[in-house]
Structure formats: C-alpha cells, structure tokens
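Q: Supplied in structure tokens, the structure appears directly below.
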Amino acid sequence: MPIGDVELKELRKDMGFSPALLKLVYESHPKMFDVIYNMDKTLLSDGAISAKTKRLIALAVVSAMGCEACATAQMKAAMNMGASREEVLDTLGVLVVTAGMPAVATAREALRKCCELPEEDWGGE
C-alpha cells in the first residue's frame, strides 16, 4: 500500500472522513500532501490544547476566512473528536463577536447539515 494511502486512512480515522481535497492533492502532488499531512498531525493533535479544541478553533478561523468547504471539514473533524452541539454553537458564538455574521454564514451549510444529525452522532461527553 503506498504511503499516501496509509496517511489518508489515518486522516479518515482522526477526522471521521477522508477529505476529498487532500486525496486530490496526494494524487497530483504527493510531496505537497506529505507537508500538509505532517503539519496537520503535528499541529492539530493533542498538546497543551486538545485536538478537539484545536479543530473548533480551526472551524472559527476557516469560517472567518470564508471557506465553506473548510468549515464543513473542520466541523466534522471536531464532531468526530467528541465536540458536542453546544461546543460548536459556542464556537460560532465567539465567531459572531470576533468576525461578524458573514463568517458565521460561511459555516451555515455545515451547521445545517450537522444540526440535522441525531444527538448521538455529535460525540460530546
């Protein structure tokens, strides 16, 4: 099995899904994929801040930057790491205060899809 396939499987385990964009990057530019994968594993793993909290921060940042697909990916990853509905909504509340409603609107579709999920699919504690 090629190394990228192993890494994509690890991302699927960590995030709860395989990001299609990263699969495309792997297929077209394997060295770039390695850099992205290694940064992700290093920076978004448990440390002084939990991986779940880091994903919630990432959700806020990518929403503020206007990337709807990124917001969906980060929200799904946070949920896979146990983020509850309340934690996601609190994160988006901070986003309103810091970046305004346009940033929250970026996460709107992800939030709509995620809020349709039954409570047991949200993780949480």
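Residue numbers start at 1 in each chain; chains themselves are named A, B, ... in the order of the structure tokens; ligands are numbered from 1 in the order shown.
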Compile the contact shell of A:Ala64 as a VMD selection string: residues with an atom at most 10 Å away, counting only C-alpha atoms, same-chain residues fewer than 2 positions apart removed.
A: chain A and resid 58 to 62 66 to 68 71 95 to 96 98 to 107
Q: Can you pull out the residues contacting A:Val88? Cut-off 12 Å, using only C-alpha atoms, and skip same-chain residues under 2 positions away; I want them as a ChimeraX atom specification.
A: /A:52-53,55-60,71-72,74-79,81-86,90-95,104,107-108,110-112,114-115,122-124
Q: Can you write just those residues out, N, CA and C atoms, as a compact mmCIF listing (two decimals), in the first residue's frame?
A:
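Okay, this is what ended up in selection.txt:
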# COMPACT_ATOMS: atom_id res chain seq x y z
N LYS A 52 -9.58 18.30 19.87
CA LYS A 52 -10.97 18.74 19.66
C LYS A 52 -11.04 20.27 19.70
N THR A 53 -10.41 20.88 20.70
CA THR A 53 -10.43 22.33 20.82
C THR A 53 -9.72 22.98 19.65
N ARG A 55 -9.59 21.82 16.65
CA ARG A 55 -10.50 21.75 15.49
C ARG A 55 -11.59 22.80 15.60
N LEU A 56 -12.07 23.08 16.80
CA LEU A 56 -13.07 24.13 16.98
C LEU A 56 -12.46 25.50 16.65
N ILE A 57 -11.22 25.71 17.04
CA ILE A 57 -10.52 26.96 16.68
C ILE A 57 -10.39 27.02 15.16
N ALA A 58 -10.00 25.90 14.55
CA ALA A 58 -9.85 25.85 13.09
C ALA A 58 -11.19 26.15 12.41
N LEU A 59 -12.29 25.64 12.97
CA LEU A 59 -13.62 25.94 12.43
C LEU A 59 -13.85 27.44 12.41
N ALA A 60 -13.53 28.11 13.51
CA ALA A 60 -13.72 29.56 13.58
C ALA A 60 -12.84 30.28 12.56
N ALA A 71 -14.97 24.86 6.50
CA ALA A 71 -15.78 24.89 7.71
C ALA A 71 -16.47 23.55 7.92
N THR A 72 -16.99 22.98 6.84
CA THR A 72 -17.63 21.67 6.95
C THR A 72 -16.63 20.62 7.40
N GLN A 74 -13.79 21.01 9.10
CA GLN A 74 -13.36 21.21 10.48
C GLN A 74 -14.48 20.88 11.47
N MET A 75 -15.73 21.19 11.10
CA MET A 75 -16.84 20.86 11.98
C MET A 75 -16.99 19.34 12.11
N LYS A 76 -16.89 18.64 10.98
CA LYS A 76 -16.97 17.18 11.02
C LYS A 76 -15.84 16.59 11.84
N ALA A 77 -14.64 17.11 11.67
CA ALA A 77 -13.49 16.61 12.42
C ALA A 77 -13.67 16.86 13.91
N ALA A 78 -14.15 18.05 14.28
CA ALA A 78 -14.38 18.36 15.70
C ALA A 78 -15.43 17.42 16.27
N MET A 79 -16.49 17.18 15.52
CA MET A 79 -17.53 16.25 15.98
C MET A 79 -16.97 14.85 16.17
N MET A 81 -14.10 14.12 17.00
CA MET A 81 -13.25 14.13 18.19
C MET A 81 -14.05 14.37 19.47
N GLY A 82 -15.37 14.36 19.34
CA GLY A 82 -16.23 14.44 20.51
C GLY A 82 -16.87 15.78 20.78
N ALA A 83 -16.74 16.75 19.87
CA ALA A 83 -17.37 18.04 20.09
C ALA A 83 -18.88 17.90 20.11
N SER A 84 -19.49 18.50 21.11
CA SER A 84 -20.95 18.47 21.23
C SER A 84 -21.56 19.60 20.41
N ARG A 85 -22.84 19.51 20.21
CA ARG A 85 -23.59 20.55 19.52
C ARG A 85 -23.37 21.90 20.23
N GLU A 86 -23.41 21.88 21.55
CA GLU A 86 -23.24 23.10 22.34
C GLU A 86 -21.86 23.71 22.14
N ASP A 90 -21.21 27.32 20.66
CA ASP A 90 -20.40 28.29 21.41
C ASP A 90 -19.26 28.84 20.55
N THR A 91 -18.64 27.98 19.78
CA THR A 91 -17.57 28.40 18.88
C THR A 91 -18.10 29.41 17.87
N LEU A 92 -19.26 29.12 17.32
CA LEU A 92 -19.85 30.04 16.34
C LEU A 92 -20.30 31.34 17.02
N GLY A 93 -20.67 31.27 18.30
CA GLY A 93 -20.99 32.49 19.04
C GLY A 93 -19.78 33.39 19.18
N VAL A 94 -18.63 32.79 19.47
CA VAL A 94 -17.39 33.58 19.54
C VAL A 94 -17.09 34.17 18.17
N LEU A 95 -17.37 33.40 17.14
CA LEU A 95 -17.14 33.88 15.77
C LEU A 95 -17.98 35.11 15.47
N VAL A 104 -20.07 33.59 10.18
CA VAL A 104 -20.98 32.52 10.61
C VAL A 104 -21.77 31.99 9.41
N ALA A 107 -20.26 29.11 7.71
CA ALA A 107 -20.44 27.81 8.34
C ALA A 107 -21.91 27.35 8.33
N ARG A 108 -22.79 28.16 7.77
CA ARG A 108 -24.23 27.89 7.80
C ARG A 108 -24.59 26.51 7.25
N ALA A 110 -22.70 23.83 6.78
CA ALA A 110 -22.16 22.78 7.63
C ALA A 110 -22.99 22.66 8.90
N LEU A 111 -23.35 23.77 9.48
CA LEU A 111 -24.15 23.75 10.70
C LEU A 111 -25.52 23.15 10.44
N ARG A 112 -26.13 23.53 9.34
CA ARG A 112 -27.45 22.97 9.00
C ARG A 112 -27.38 21.46 8.89
N CYS A 114 -25.08 19.41 10.09
CA CYS A 114 -24.71 18.80 11.35
C CYS A 114 -25.85 18.84 12.36
N CYS A 115 -26.63 19.91 12.36
CA CYS A 115 -27.74 20.00 13.30
C CYS A 115 -28.86 19.02 12.98
N TRP A 122 -23.05 13.36 17.57
CA TRP A 122 -22.30 14.57 17.84
C TRP A 122 -21.12 14.33 18.77
N GLY A 123 -21.00 13.17 19.33
CA GLY A 123 -19.92 12.95 20.28
C GLY A 123 -20.27 13.61 21.59
N GLY A 124 -19.41 14.44 22.07
CA GLY A 124 -19.66 15.11 23.35
C GLY A 124 -19.27 14.21 24.50
